[in-house]
Amino acid sequence: MENEHHKKHLTLQERIEIQEFVSRGMTFKEIAWRIGKDPTTVSREVRKHAEVQQKRFTRTEETCPKLLRPPFVCNGCDQYNRCSCVYLRKLYVGKRAQCEYETTLKESREGIPLNKESFYQTEKIISDGVRSGQNVYHIIHANHLSVSKSTVYRHIRKGYYAIAPIDLPRAVKFKSRRKHAPEYVPQGIRKGRTYKDFEDFMREHPGVSATEMDTVIGSIGGKVIMTFQFTHVDFMFGLLLENKSAAEAAEKITAFKKKLAAFGFSFGEFFPVLLTDNGGEFSCVSAFENSIDEEKETSVFFCDPNAPYQKPHVENNHTLFRNIVPTGSSFDGFTQETVNLIFSHVNGVLRNKFHGKSAYDMFCFTYSAELAHALGISCIAPQEVVQSPLLLK
């Protein structure tokens, strides 16, 4: 139980680390990565528990411009102890934040004593206020009521008050959001294929290279592109899917394997390991792992949820794709030839890491130009590479 508690709540040690890292000038993203939390959690923690301090040389009540942007506190500021700074100070202290957290936790578990008389008094004030056109938040704070807004809404929905949901203008105006079933790889499929399993596999097979796989989204509900990245040479190609479904992905990868076989290449020979995220389109693992003859030729592994940094190569290379096809653009007018053209130009960009060679040059040197052709990628001369939307016009 203690481990589960620590996953949801910051500990004293984590708060002390946040204080130390903020003082060093680290970003919320860097701090979150160090303590294993979300950057939003760290940002909310610092802003919530930052304490205003007034020094003897404070001469204005105005907010320091530096406090309007991260990290929102004076920790690490070289002007903190100098009399030249005339603003109010804000400081985040881990131990004090822990004390405030424990106090809040204790009070929330104690609850608010509420007898029948006080309940009906609260109900009358809220009901009268709503009939007068006031919103619930305004009523609660104007009358200093010891009840939360969510509790009031819950009591109204359950019929505890004299008013009904129809008396709330916004409740009538806005429809309930539709709840969509999350599209992710089921837990049972991920068993034995987690990122830790991937790391263990790569340690046991040091000579095997992994290919990172991802999906680029166009307009919602339209065509998508399934991308493959040879990490050691930064070579990328894509397969156009009619929609983001497991059935469509399975059909296209099967057709792709048959195409490679027609060129005399084996999918498992060049794609021994695939690393991807938890997108539902990758749920049909057998289509990726098994050959046309239904024999296993590839091992598929999945990154941890919300951990795109575990497959950084394909994520970074998507920026070159987005230079040509900006975010939000629809792929519905694309054909597979369009996708091949885009990635041919992406692979034609000269790279500093390859000392002026392109990903296409490195791929052909490592494998062959014939394999690149089988993947749909053509050679683009450096002078003819277009890395903008003009390529498609």
# chains A, B, ... in the order shown; residues from 1 in each chain; ligands from 1
call {"tool": "residues_around", "arguments": {"residues": "Asn135 (chain A)", "least_positions_apart": "3", "cutoff": "10 Å", "atoms": "only C-alpha atoms", "output": "ChimeraX atom specification"}}
result
/A:126,129-132,138-140,168-170
call {"tool": "write_last_selection", "arguments": {"atoms": "N, CA and C atoms", "output": "mmCIF file, in the first residue's frame"}}
result
data_model
loop_
_atom_site.group_PDB
_atom_site.id
_atom_site.type_symbol
_atom_site.label_atom_id
_atom_site.label_comp_id
_atom_site.auth_asym_id
_atom_site.auth_seq_id
_atom_site.Cartn_x
_atom_site.Cartn_y
_atom_site.Cartn_z
ATOM 1 N N ILE A 126 -28.389 28.159 -1.370
ATOM 2 C CA ILE A 126 -27.997 27.799 -2.736
ATOM 3 C C ILE A 126 -29.195 27.816 -3.668
ATOM 4 N N GLY A 129 -30.226 31.356 -4.378
ATOM 5 C CA GLY A 129 -29.240 32.020 -5.228
ATOM 6 C C GLY A 129 -29.355 31.586 -6.683
ATOM 7 N N VAL A 130 -29.567 30.293 -6.904
ATOM 8 C CA VAL A 130 -29.693 29.779 -8.281
ATOM 9 C C VAL A 130 -30.943 30.348 -8.936
ATOM 10 N N ARG A 131 -32.049 30.441 -8.171
ATOM 11 C CA ARG A 131 -33.281 31.016 -8.735
ATOM 12 C C ARG A 131 -33.104 32.481 -9.093
ATOM 13 N N SER A 132 -32.157 33.145 -8.396
ATOM 14 C CA SER A 132 -31.888 34.555 -8.692
ATOM 15 C C SER A 132 -30.922 34.733 -9.853
ATOM 16 N N HIS A 138 -20.285 31.415 -7.203
ATOM 17 C CA HIS A 138 -20.537 32.726 -6.608
ATOM 18 C C HIS A 138 -21.319 32.589 -5.302
ATOM 19 N N ILE A 139 -22.313 31.732 -5.300
ATOM 20 C CA ILE A 139 -23.148 31.554 -4.104
ATOM 21 C C ILE A 139 -22.307 31.051 -2.933
ATOM 22 N N ILE A 140 -21.455 30.046 -3.201
ATOM 23 C CA ILE A 140 -20.651 29.441 -2.139
ATOM 24 C C ILE A 140 -19.719 30.467 -1.504
ATOM 25 N N LEU A 168 -30.103 25.022 -13.621
ATOM 26 C CA LEU A 168 -28.744 25.513 -13.846
ATOM 27 C C LEU A 168 -28.577 25.783 -15.335
ATOM 28 N N PRO A 169 -28.442 27.044 -15.737
ATOM 29 C CA PRO A 169 -28.376 27.375 -17.174
ATOM 30 C C PRO A 169 -27.277 26.618 -17.918
ATOM 31 N N ARG A 170 -26.090 26.531 -17.328
ATOM 32 C CA ARG A 170 -24.978 25.891 -18.030
ATOM 33 C C ARG A 170 -25.169 24.382 -18.112
#
call {"tool": "residues_around", "arguments": {"residues": "region 151-158 of chain A", "least_positions_apart": "5", "cutoff": "10 Å", "atoms": "only C-alpha atoms", "output": "PyMOL selection string"}}
result
chain A and resi 122-123+126-127+136-137+140+163-168+171
call {"tool": "residues_around", "arguments": {"residues": "region 284-301 of chain A", "least_positions_apart": "2", "cutoff": "7 Å", "atoms": "only C-alpha atoms", "output": "list of chain:residue names"}}
result
A:Arg193, A:Thr194, A:Tyr195, A:Phe198, A:Ala246, A:Ala250, A:Ile253, A:Thr254, A:Gly268, A:Phe271, A:Pro272, A:Val273, A:Leu274, A:Leu275, A:Thr276, A:Phe282, A:Cys303
call {"tool": "atom_distance", "arguments": {"atom1": "CA of Pro70 (chain A)", "atom2": "CA of Val52 (chain A)"}}
result
16.0 Å
call {"tool": "atom_distance", "arguments": {"atom1": "CA of Val216 (chain A)", "atom2": "CA of Lys29 (chain A)"}}
result
23.8 Å
call {"tool": "closest_residue", "arguments": {"among": "A:Ala255, A:Asp214, A:Gly279, A:Asn323", "to": "Tyr184 (chain A)", "atoms": "only C-alpha atoms"}}
result
A:Gly279
call {"tool": "atom_distance", "arguments": {"atom1": "CA of Gly328 (chain A)", "atom2": "CA of Ser388 (chain A)"}}
result
15.0 Å
call {"tool": "closest_residue", "arguments": {"among": "A:Tyr309, A:Phe270, A:Tyr360, A:Phe343", "to": "Val325 (chain A)", "atoms": "only C-alpha atoms"}}
result
A:Phe343
call {"tool": "residues_around", "arguments": {"residues": "Leu392 (chain A)", "least_positions_apart": "2", "cutoff": "10 Å", "atoms": "only C-alpha atoms", "output": "VMD selection string"}}
result
chain A and resid 324 to 325 334 338 341 to 342 386 388 to 390
call {"tool": "write_last_selection", "arguments": {"atoms": "N, CA and C atoms", "output": "short mmCIF file (atom, residue, chain, number, x, y, z; two decimals), in the first residue's frame"}}
result
data_model
loop_
_atom_site.label_atom_id
_atom_site.label_comp_id
_atom_site.auth_asym_id
_atom_site.auth_seq_id
_atom_site.Cartn_x
_atom_site.Cartn_y
_atom_site.Cartn_z
N ILE A 324 7.52 19.39 -44.09
CA ILE A 324 6.85 19.26 -45.39
C ILE A 324 5.33 19.20 -45.22
N VAL A 325 4.89 18.49 -44.19
CA VAL A 325 3.45 18.34 -43.92
C VAL A 325 3.18 18.87 -42.51
N PHE A 334 -3.59 11.90 -49.91
CA PHE A 334 -2.31 11.24 -50.16
C PHE A 334 -2.52 9.86 -50.77
N THR A 338 2.74 9.45 -52.69
CA THR A 338 2.96 10.74 -52.02
C THR A 338 3.83 10.54 -50.78
N LEU A 341 7.40 9.89 -51.74
CA LEU A 341 8.07 11.11 -52.18
C LEU A 341 8.53 11.94 -50.98
N ILE A 342 7.65 12.07 -50.00
CA ILE A 342 7.99 12.86 -48.81
C ILE A 342 9.20 12.29 -48.10
N VAL A 386 13.77 19.19 -51.21
CA VAL A 386 12.82 20.22 -50.78
C VAL A 386 12.32 19.86 -49.39
N SER A 388 10.02 21.63 -47.40
CA SER A 388 8.93 22.56 -47.08
C SER A 388 7.66 22.08 -47.76
N PRO A 389 6.49 22.68 -47.44
CA PRO A 389 5.23 22.28 -48.09
C PRO A 389 5.23 22.48 -49.59
N LEU A 390 6.20 23.22 -50.11
CA LEU A 390 6.29 23.42 -51.55
C LEU A 390 6.47 22.10 -52.30
#
call {"tool": "closest_residue", "arguments": {"among": "A:Cys85, A:Ile18, A:Ala162, A:Ala50", "to": "Arg34 (chain A)", "atoms": "only C-alpha atoms"}}
result
A:Ile18
call {"tool": "closest_residue", "arguments": {"among": "A:Arg69, A:His9, A:Lys252, A:Lys244", "to": "Glu281 (chain A)", "atoms": "only C-alpha atoms"}}
result
A:Lys244
call {"tool": "select_by_dssp", "arguments": {"residues": "region 316-368 of chain A", "states": "alpha helix (DSSP H)", "output": "JSON, numbers by chain"}}
result
{"A": [316, 317, 318, 319, 320, 321, 322, 323, 324, 336, 337, 338, 339, 340, 341, 342, 343, 344, 345, 346, 347, 359, 360, 361, 362, 363, 364, 365, 366]}
call {"tool": "residues_around", "arguments": {"residues": "Leu67 (chain A)", "least_positions_apart": "3", "cutoff": "12 Å", "atoms": "only C-alpha atoms", "output": "ChimeraX atom specification"}}
result
/A:46-47,50,52,62-64,70-75,77,87-91
